[in-house]
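J.: The following block contains the structure, expressed as structure tokens.
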Amino acid sequence: MTNDFFLSNVLIPDNDSYTAVDVQISGTQLQTIAPAGSQLSPNELDRADSVTIVPGDDKLLLPGFVNGHTHSSQIWQRGLVRPLPLELWLADVYDAAPKLDLEEIYLGALSTAIDTVMSGGTCVMDHVLLSFDHELESMAAVVKAYREVGIRAFIAPLIMDSAMITGLPKGRSQPHSPYPRSTSAILETMAAIVAEFHRPEAGIHVAIGPTGFHRCSDELLIGCADLSDRYNLCRHAHLLETKAQKLLASEKYGSSAVAHLKQLGFLDHRTSLAHGVWLEDADLDILAETRSTLVHNPVSNLRLGSGIAPVLKALQKGVNVSFGCDGAASNDAQDLLEAIKLGTMLHTITDPDYQNWLTPRRAIAMASLGGATGVNLAAQIGSLEMGKAADVVLYDLNHLSMLPRTDPIQQLVLGRPTQVVDSVWVKGKRLVAEGKLLTVDVEALRQELLSRSQSDRSHPFQTINQIEPHYRTLLAQE
């Protein structure tokens, strides 16, 4: 299949309006973006065997979105875990987590990649939980899936060195067993993963992914920052998702979690932080100063009752903000357009001044260039510019869910578009054409997921019994 494409007469955003352009993709790059009809005509190009012509009439071209935070292994818990606050939800997630074999780890990443691509994403940050004592084999399965689909992937193995109960205020005083692996051993495993799998030129990036300050020692967080510096890797962690985590930070450090992470050297332009629901103004100032990214996960934050992240304040202070779906145990869909819609509309109730509300175009920029900035690729992807990589998505404006035609971006963000992704390119390779994925047999995946579906949906949720009494005591003290 050729790597060169000519997209004729496609719409792209232009200030507050739209412009019809011709776009030439050559190799991995956007070679030309010019007014429609001003370049070689499709008839002339048709005589060149190396160019595939893609009619762009009634189609909208946008840069690909970045799914800034998800957990691909949670696909197997989609629709399974009860609505609970995060700290209790984690207990049920632990009990409901199947012991995944390598094929199931691969299928989880495959499903996540496909959901991302078919909802406008060309890049994903997968905060993936690898099989204990089989990390290298698990990582190989995840890498295989992302390479087969063709999406850019930042794979951040989720690591921690503290027991679950210690992630709660006063939890360290509760009975618990030490974590079954030393901090130094965890960091050695991460170094081995980086050496074997970090291949940015192939679109596979290893990122450093401590779960968050609430279950990581300072030694582990410093070690993660050192690894990141040594290999120029992105850093990714959960941050202040719940009020309990905010209380824990005060108890643990005598300061805010963000101030402590800055002191440890964990925050910089390669750092992205998921959730941030309980960030305060001083925290946002630090994130802006360190050029760290806040990843907004509105669906899971509401499902778990965590709250609404201060996104408008963050943007006003100059913090880079992107969007994430979060894992399928807390966002039972993996639809980026849904996350963007909710994350756009939600903030109309957080600020009475409507002039500060997110516009659909601002949301699109956050999902694309904001997402690219969060994974340190803003110089390569995230906007429609000649010379940038051809990570782009073509949307069908004639689909019923996009009609009658008004403002395409507003319809895309605020409507309920379904199956509107016509074509997707990543690094100039076409992954989707006329709404069909070209790289992976989706029907075979569907059959495989169906065959592995759980017939017995009853689960012995026992861990919650150890956590809930302490959690409810904390609630009573507020």
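Naming works like this for the structure tokens: A, B, ... for the chains as they're shown, residue 1 at the start of each chain, ligands 1 onward in shown order.
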Given only C-alpha atoms, how would the per-residue table for range 245-311 of chain A near range 194-213 of chain A read, listing every residue at most 10 Å away with its closest atom pair and distance in Å to one decimal, sorted by chain and number, as CSV?
T.:
```
residue,atom,partner,partner_atom,distance
A:Gln245,CA,A:Phe213,CA,8.8
A:Leu248,CA,A:Phe213,CA,9.4
A:Ala249,CA,A:Phe213,CA,8.0
A:Lys252,CA,A:Phe213,CA,9.6
A:Ala257,CA,A:Phe213,CA,7.3
A:Val258,CA,A:Phe213,CA,9.4
A:His260,CA,A:Phe213,CA,9.2
A:Leu261,CA,A:Phe213,CA,8.1
A:Arg270,CA,A:Ala207,CA,9.6
A:Thr271,CA,A:Ile208,CA,9.4
A:Ser272,CA,A:Gly209,CA,9.8
A:Leu273,CA,A:Gly212,CA,8.9
A:Ala274,CA,A:Gly212,CA,9.4
```
J.: Residues as selected, N, CA and C atoms, written as a compact mmCIF listing (two decimals), in the first residue's frame, can you do that?
T.:
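Ended up saving to result.txt:
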```txt
# COMPACT_ATOMS: atom_id res chain seq x y z
N GLN A 245 -7.04 11.65 49.06
CA GLN A 245 -5.65 11.81 48.66
C GLN A 245 -5.10 13.18 49.09
N LEU A 248 -4.35 12.85 52.69
CA LEU A 248 -3.17 12.02 52.86
C LEU A 248 -1.90 12.83 52.61
N ALA A 249 -1.90 13.67 51.60
CA ALA A 249 -0.71 14.47 51.30
C ALA A 249 -0.35 15.38 52.47
N LYS A 252 1.07 13.14 55.17
CA LYS A 252 2.32 12.48 54.80
C LYS A 252 3.48 13.47 54.67
N ALA A 257 0.66 17.81 47.84
CA ALA A 257 1.32 16.77 47.06
C ALA A 257 2.11 17.38 45.90
N VAL A 258 1.58 18.42 45.29
CA VAL A 258 2.24 19.03 44.14
C VAL A 258 3.54 19.69 44.56
N HIS A 260 5.36 18.83 47.02
CA HIS A 260 6.30 17.75 47.34
C HIS A 260 6.87 17.12 46.06
N LEU A 261 6.03 16.89 45.07
CA LEU A 261 6.52 16.33 43.81
C LEU A 261 7.52 17.27 43.14
N ARG A 270 7.85 16.91 30.62
CA ARG A 270 7.53 15.55 30.18
C ARG A 270 6.54 14.86 31.12
N THR A 271 6.06 15.57 32.13
CA THR A 271 5.20 14.98 33.16
C THR A 271 3.74 15.25 32.86
N SER A 272 2.93 14.19 32.83
CA SER A 272 1.48 14.34 32.73
C SER A 272 0.84 13.68 33.94
N LEU A 273 -0.20 14.32 34.46
CA LEU A 273 -0.80 13.94 35.73
C LEU A 273 -2.31 13.79 35.55
N ALA A 274 -2.81 12.59 35.81
CA ALA A 274 -4.21 12.29 35.56
C ALA A 274 -5.09 12.73 36.72
```
J.: Could you name the residues that touch range 415-419 of chain A at 10 Å or less, counting only C-alpha atoms, but leaving out those on the same chain fewer than 2 positions away, as a PyMOL selection string?
T.: chain A and resi 118-119+337-338+341+395-397+399-403+408-413+421-422+435-436
J.: Report as a PyMOL selection string all protein, DNA and RNA residues lying within 12 Å of range 280-284 of chain A, evaluated on only C-alpha atoms, omitting residues in the same chain fewer than 5 positions from it.
T.: chain A and resi 239-240+243+246+255-262+267+273+289-294+309-321
J.: Keeping only N, CA, C and O atoms, write the selected residues as a CSV table (one decimal), in the first residue's frame.
T.:
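Dumped everything to out.csv:
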```csv
chain,number,residue,atom,x,y,z
A,239,LEU,N,-2.9,11.9,40.2
A,239,LEU,CA,-2.6,13.0,41.2
A,239,LEU,C,-3.9,13.5,41.7
A,239,LEU,O,-4.8,14.0,41.0
A,240,LEU,N,-4.1,13.5,43.1
A,240,LEU,CA,-5.2,14.2,43.8
A,240,LEU,C,-6.5,13.9,43.1
A,240,LEU,O,-7.3,14.8,42.9
A,243,LYS,N,-10.6,13.5,47.6
A,243,LYS,CA,-10.3,14.3,48.8
A,243,LYS,C,-9.5,13.6,49.7
A,243,LYS,O,-8.6,14.1,50.4
A,246,LYS,N,-5.9,14.2,49.0
A,246,LYS,CA,-5.5,15.5,49.5
A,246,LYS,C,-5.2,15.5,51.0
A,246,LYS,O,-4.2,16.0,51.5
A,255,SER,N,2.6,19.3,53.5
A,255,SER,CA,2.5,20.2,52.4
A,255,SER,C,1.6,19.6,51.3
A,255,SER,O,1.1,18.5,51.5
A,256,SER,N,1.4,20.4,50.3
A,256,SER,CA,0.6,19.8,49.2
A,256,SER,C,1.4,18.7,48.4
A,256,SER,O,2.6,18.8,48.4
A,257,ALA,N,0.7,17.8,47.8
A,257,ALA,CA,1.3,16.8,47.1
A,257,ALA,C,2.1,17.4,45.9
A,257,ALA,O,3.2,16.9,45.6
A,258,VAL,N,1.6,18.4,45.3
A,258,VAL,CA,2.2,19.0,44.1
A,258,VAL,C,3.5,19.7,44.6
A,258,VAL,O,4.6,19.6,43.9
A,259,ALA,N,3.5,20.4,45.7
A,259,ALA,CA,4.8,21.0,46.2
A,259,ALA,C,5.8,20.0,46.5
A,259,ALA,O,7.0,20.1,46.2
A,260,HIS,N,5.4,18.8,47.0
A,260,HIS,CA,6.3,17.8,47.3
A,260,HIS,C,6.9,17.1,46.1
A,260,HIS,O,8.1,16.9,46.0
A,261,LEU,N,6.0,16.9,45.1
A,261,LEU,CA,6.5,16.3,43.8
A,261,LEU,C,7.5,17.3,43.1
A,261,LEU,O,8.5,16.8,42.5
A,262,LYS,N,7.3,18.6,43.2
A,262,LYS,CA,8.2,19.5,42.7
A,262,LYS,C,9.6,19.4,43.4
A,262,LYS,O,10.6,19.4,42.8
A,267,LEU,N,8.4,16.9,38.6
A,267,LEU,CA,7.5,17.7,37.7
A,267,LEU,C,8.4,18.4,36.6
A,267,LEU,O,9.4,19.0,36.9
A,273,LEU,N,-0.2,14.3,34.5
A,273,LEU,CA,-0.8,13.9,35.7
A,273,LEU,C,-2.3,13.8,35.5
A,273,LEU,O,-3.0,14.7,35.1
A,289,GLU,N,4.3,26.5,36.2
A,289,GLU,CA,5.8,26.9,36.3
A,289,GLU,C,6.6,25.7,35.8
A,289,GLU,O,7.6,25.9,35.1
A,290,THR,N,6.3,24.5,36.1
A,290,THR,CA,7.1,23.3,35.7
A,290,THR,C,6.7,22.8,34.3
A,290,THR,O,7.3,21.8,33.9
A,291,ARG,N,5.7,23.4,33.7
A,291,ARG,CA,5.2,23.0,32.4
A,291,ARG,C,4.6,21.5,32.4
A,291,ARG,O,4.7,20.8,31.4
A,292,SER,N,4.1,21.1,33.5
A,292,SER,CA,3.5,19.8,33.6
A,292,SER,C,2.1,19.9,33.0
A,292,SER,O,1.5,20.9,32.9
A,293,THR,N,1.6,18.7,32.6
A,293,THR,CA,0.3,18.6,32.0
A,293,THR,C,-0.8,18.0,32.9
A,293,THR,O,-0.5,17.0,33.6
A,294,LEU,N,-2.0,18.6,32.9
A,294,LEU,CA,-3.1,18.0,33.6
A,294,LEU,C,-3.9,17.2,32.6
A,294,LEU,O,-4.4,17.8,31.6
A,309,ALA,N,-12.5,18.4,38.1
A,309,ALA,CA,-11.2,19.0,38.1
A,309,ALA,C,-11.3,20.5,37.7
A,309,ALA,O,-12.1,20.9,36.9
A,310,PRO,N,-10.4,21.4,38.3
A,310,PRO,CA,-10.5,22.8,38.1
A,310,PRO,C,-9.8,23.2,36.7
A,310,PRO,O,-8.8,23.9,36.7
A,311,VAL,N,-10.4,22.7,35.7
A,311,VAL,CA,-9.8,22.8,34.3
A,311,VAL,C,-9.8,24.3,33.9
A,311,VAL,O,-8.8,24.8,33.3
A,312,LEU,N,-10.9,25.0,34.1
A,312,LEU,CA,-10.9,26.4,33.7
A,312,LEU,C,-9.8,27.2,34.4
A,312,LEU,O,-9.1,28.1,33.8
A,313,LYS,N,-9.7,27.0,35.7
A,313,LYS,CA,-8.6,27.7,36.4
A,313,LYS,C,-7.3,27.3,35.9
A,313,LYS,O,-6.3,28.2,35.8
A,314,ALA,N,-7.1,26.1,35.7
A,314,ALA,CA,-5.8,25.6,35.2
A,314,ALA,C,-5.4,26.3,33.9
A,314,ALA,O,-4.3,26.8,33.7
A,315,LEU,N,-6.4,26.4,32.9
A,315,LEU,CA,-6.1,27.0,31.7
A,315,LEU,C,-5.8,28.5,31.8
A,315,LEU,O,-4.9,29.0,31.2
A,316,GLN,N,-6.6,29.1,32.7
A,316,GLN,CA,-6.3,30.6,33.0
A,316,GLN,C,-4.9,30.8,33.5
A,316,GLN,O,-4.4,31.9,33.3
A,317,LYS,N,-4.4,29.8,34.3
A,317,LYS,CA,-3.1,30.0,34.8
A,317,LYS,C,-1.9,29.5,33.9
A,317,LYS,O,-0.8,29.5,34.3
A,318,GLY,N,-2.3,29.0,32.7
A,318,GLY,CA,-1.3,28.6,31.7
A,318,GLY,C,-0.9,27.2,31.8
A,318,GLY,O,0.1,26.8,31.2
A,319,VAL,N,-1.7,26.4,32.5
A,319,VAL,CA,-1.4,24.9,32.6
A,319,VAL,C,-1.9,24.3,31.3
A,319,VAL,O,-3.0,24.5,30.8
A,320,ASN,N,-1.0,23.4,30.8
A,320,ASN,CA,-1.5,22.6,29.6
A,320,ASN,C,-2.4,21.5,30.1
A,320,ASN,O,-2.2,20.8,31.1
A,321,VAL,N,-3.6,21.4,29.4
A,321,VAL,CA,-4.6,20.4,29.8
A,321,VAL,C,-5.0,19.6,28.6
A,321,VAL,O,-5.1,20.1,27.4
```
J.: Determine which residues of range 178-375 of chain A receive a DSSP assignment of helix (DSSP H, G or I), computed from the backbone, and state them as a tab-separated table (two decimals) with C-alpha atoms, in the first residue's frame.
T.:
```tsv
chain	number	residue	atom	x	y	z
A	183	THR	CA	11.79	-0.43	45.38
A	184	SER	CA	15.18	-1.17	43.85
A	185	ALA	CA	13.84	-4.33	42.18
A	186	ILE	CA	10.90	-2.38	40.71
A	187	LEU	CA	13.26	0.21	39.23
A	188	GLU	CA	15.54	-2.51	37.84
A	189	THR	CA	12.56	-4.09	36.09
A	190	MET	CA	11.59	-0.71	34.64
A	191	ALA	CA	15.13	-0.19	33.34
A	192	ALA	CA	14.98	-3.59	31.64
A	193	ILE	CA	11.62	-2.71	30.04
A	194	VAL	CA	13.04	0.57	28.73
A	195	ALA	CA	16.09	-1.16	27.25
A	196	GLU	CA	14.01	-3.76	25.44
A	197	PHE	CA	10.92	-1.89	24.28
A	200	PRO	CA	10.20	6.00	19.52
A	201	GLU	CA	11.10	5.72	15.85
A	202	ALA	CA	8.59	2.86	15.59
A	213	PHE	CA	2.29	9.72	45.58
A	214	HIS	CA	-0.38	7.92	47.63
A	215	ARG	CA	1.16	4.48	47.05
A	218	ASP	CA	9.88	9.14	47.78
A	219	GLU	CA	12.62	6.67	46.84
A	220	LEU	CA	10.47	5.26	44.05
A	221	LEU	CA	9.38	8.67	42.76
A	222	ILE	CA	12.97	9.95	42.71
A	223	GLY	CA	14.07	6.76	40.96
A	224	CYS	CA	11.34	7.26	38.36
A	225	ALA	CA	12.49	10.84	37.72
A	226	ASP	CA	16.07	9.62	37.36
A	227	LEU	CA	15.06	6.98	34.81
A	228	SER	CA	13.07	9.59	32.91
A	229	ASP	CA	16.05	11.94	32.82
A	230	ARG	CA	18.48	9.20	31.81
A	231	TYR	CA	16.46	8.09	28.77
A	243	LYS	CA	-10.35	14.33	48.77
A	244	ALA	CA	-8.83	11.42	50.69
A	245	GLN	CA	-5.65	11.81	48.66
A	246	LYS	CA	-5.51	15.51	49.49
A	247	LEU	CA	-5.84	14.70	53.21
A	248	LEU	CA	-3.17	12.02	52.86
A	249	ALA	CA	-0.71	14.47	51.30
A	250	SER	CA	-1.13	16.86	54.23
A	251	GLU	CA	-0.62	14.00	56.67
A	252	LYS	CA	2.32	12.48	54.80
A	253	TYR	CA	4.25	15.60	53.81
A	257	ALA	CA	1.32	16.77	47.06
A	258	VAL	CA	2.24	19.03	44.14
A	259	ALA	CA	4.76	21.02	46.17
A	260	HIS	CA	6.30	17.75	47.34
A	261	LEU	CA	6.52	16.33	43.81
A	262	LYS	CA	8.23	19.53	42.69
A	263	GLN	CA	10.72	19.22	45.55
A	264	LEU	CA	11.48	15.64	44.47
A	281	ASP	CA	-4.59	27.53	43.10
A	282	ALA	CA	-1.02	27.24	44.44
A	283	ASP	CA	-0.77	23.74	42.96
A	284	LEU	CA	-1.86	25.03	39.55
A	285	ASP	CA	0.82	27.73	39.75
A	286	ILE	CA	3.44	25.01	40.26
A	287	LEU	CA	2.11	22.94	37.35
A	288	ALA	CA	2.27	26.01	35.10
A	289	GLU	CA	5.78	26.87	36.31
A	290	THR	CA	7.08	23.32	35.72
A	298	PRO	CA	-14.36	13.70	33.29
A	299	VAL	CA	-16.20	10.39	32.82
A	300	SER	CA	-14.36	8.39	35.47
A	301	ASN	CA	-14.29	11.36	37.87
A	302	LEU	CA	-18.08	11.46	37.78
A	303	ARG	CA	-18.54	7.69	37.85
A	311	VAL	CA	-9.82	22.84	34.34
A	312	LEU	CA	-10.88	26.44	33.67
A	313	LYS	CA	-8.63	27.74	36.45
A	314	ALA	CA	-5.79	25.59	35.17
A	315	LEU	CA	-6.12	26.99	31.66
A	316	GLN	CA	-6.33	30.55	32.97
A	336	LEU	CA	-12.57	10.00	23.18
A	337	LEU	CA	-15.36	12.05	21.64
A	338	GLU	CA	-17.55	11.23	24.64
A	339	ALA	CA	-14.81	12.31	27.07
A	340	ILE	CA	-14.28	15.53	25.13
A	341	LYS	CA	-18.02	16.31	25.08
A	342	LEU	CA	-18.48	15.78	28.80
A	343	GLY	CA	-15.23	17.56	29.61
A	344	THR	CA	-16.38	20.56	27.58
A	345	MET	CA	-19.92	20.86	28.95
A	346	LEU	CA	-19.12	20.06	32.57
A	347	HIS	CA	-17.39	23.35	33.24
A	348	THR	CA	-20.41	25.51	32.53
A	349	ILE	CA	-21.34	24.87	36.17
A	354	TYR	CA	-19.77	32.16	30.48
A	355	GLN	CA	-16.89	33.95	28.74
A	356	ASN	CA	-14.53	31.53	30.51
A	360	PRO	CA	-15.69	23.30	21.10
A	361	ARG	CA	-12.65	24.58	19.21
A	362	ARG	CA	-10.70	25.05	22.43
A	363	ALA	CA	-11.63	21.51	23.43
A	364	ILE	CA	-10.41	20.15	20.09
A	365	ALA	CA	-7.11	21.97	20.56
A	366	MET	CA	-6.77	20.52	24.07
A	367	ALA	CA	-7.43	17.00	22.77
A	368	SER	CA	-4.91	17.31	19.94
A	369	LEU	CA	-2.12	19.83	20.56
A	370	GLY	CA	-2.68	19.74	24.32
A	371	GLY	CA	-2.43	15.97	24.23
A	372	ALA	CA	0.68	16.10	22.06
A	373	THR	CA	2.27	18.56	24.47
A	374	GLY	CA	1.50	16.21	27.35
```
J.: List every residue of range 302-334 of chain A that has an atom at most 6 Å from any atom of range 64-83 of chain A, giving for each one its closest atom pair and the distance in Å to one decimal, counting only C-alpha atoms, sorted by chain and then by ascending residue number, as CSV.
T.:
```
residue,atom,partner,partner_atom,distance
A:Phe323,CA,A:Gly68,CA,5.7
A:Gly324,CA,A:Gly68,CA,4.5
A:Cys325,CA,A:Thr70,CA,5.8
A:Asp326,CA,A:Thr70,CA,3.9
A:Gly327,CA,A:His71,CA,4.4
A:Ala328,CA,A:Arg78,CA,5.0
A:Ala329,CA,A:Arg78,CA,5.1
A:Asp332,CA,A:Arg78,CA,5.0
```
J.: Kindly give the distance, in Å, that separates CA of Gly171 in chain A and CA of Leu474 in chain A, rounded to a single decimal.
T.: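 Straight-line distance from CA of Gly171 in chain A to CA of Leu474 in chain A works out to 10.2 Å.
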J.: Where in range 212-291 of chain A does DSSP assign strand (DSSP E or B), given as number ranges by chain?
T.: A: 235-239, 271-275
J.: Could you please take those selected residues and save C-alpha atoms as an mmCIF file, in the first residue's frame?
T.:
```cif
data_model
loop_
_atom_site.group_PDB
_atom_site.id
_atom_site.type_symbol
_atom_site.label_atom_id
_atom_site.label_comp_id
_atom_site.auth_asym_id
_atom_site.auth_seq_id
_atom_site.Cartn_x
_atom_site.Cartn_y
_atom_site.Cartn_z
ATOM 1 C CA ARG A 235 6.454 10.545 33.330
ATOM 2 C CA HIS A 236 2.839 9.759 34.105
ATOM 3 C CA ALA A 237 0.986 9.399 37.410
ATOM 4 C CA HIS A 238 -2.365 9.823 39.126
ATOM 5 C CA LEU A 239 -2.642 13.003 41.175
ATOM 6 C CA THR A 271 5.204 14.976 33.157
ATOM 7 C CA SER A 272 1.478 14.342 32.734
ATOM 8 C CA LEU A 273 -0.798 13.937 35.733
ATOM 9 C CA ALA A 274 -4.205 12.292 35.563
ATOM 10 C CA HIS A 275 -7.294 13.738 37.296
#
```
J.: Can you pull out the residues contacting Gly27 in chain A? Cut-off 6 Å, using only C-alpha atoms, and skip same-chain residues under 4 positions away; I want them as a PDB file with C-alpha atoms, in the first residue's frame.
T.:
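Result file follows (selection-v2.pdb):
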```
ATOM      1  CA  ASN A   3       2.402   5.935   1.691  1.00  0.00           C
ATOM      2  CA  ASP A   4       1.496   8.992  -0.431  1.00  0.00           C
ATOM      3  CA  GLY A 428       1.422   8.774   7.078  1.00  0.00           C
TER       4      GLY A 428
END
```
J.: Find the spatial neighbours of Lys388 in chain A, counting only C-alpha atoms, within a cut-off of 7 Å - ignore same-chain residues fewer than 3 positions away - and output them as a ChimeraX atom specification.
T.: /A:29-30,380-381,385
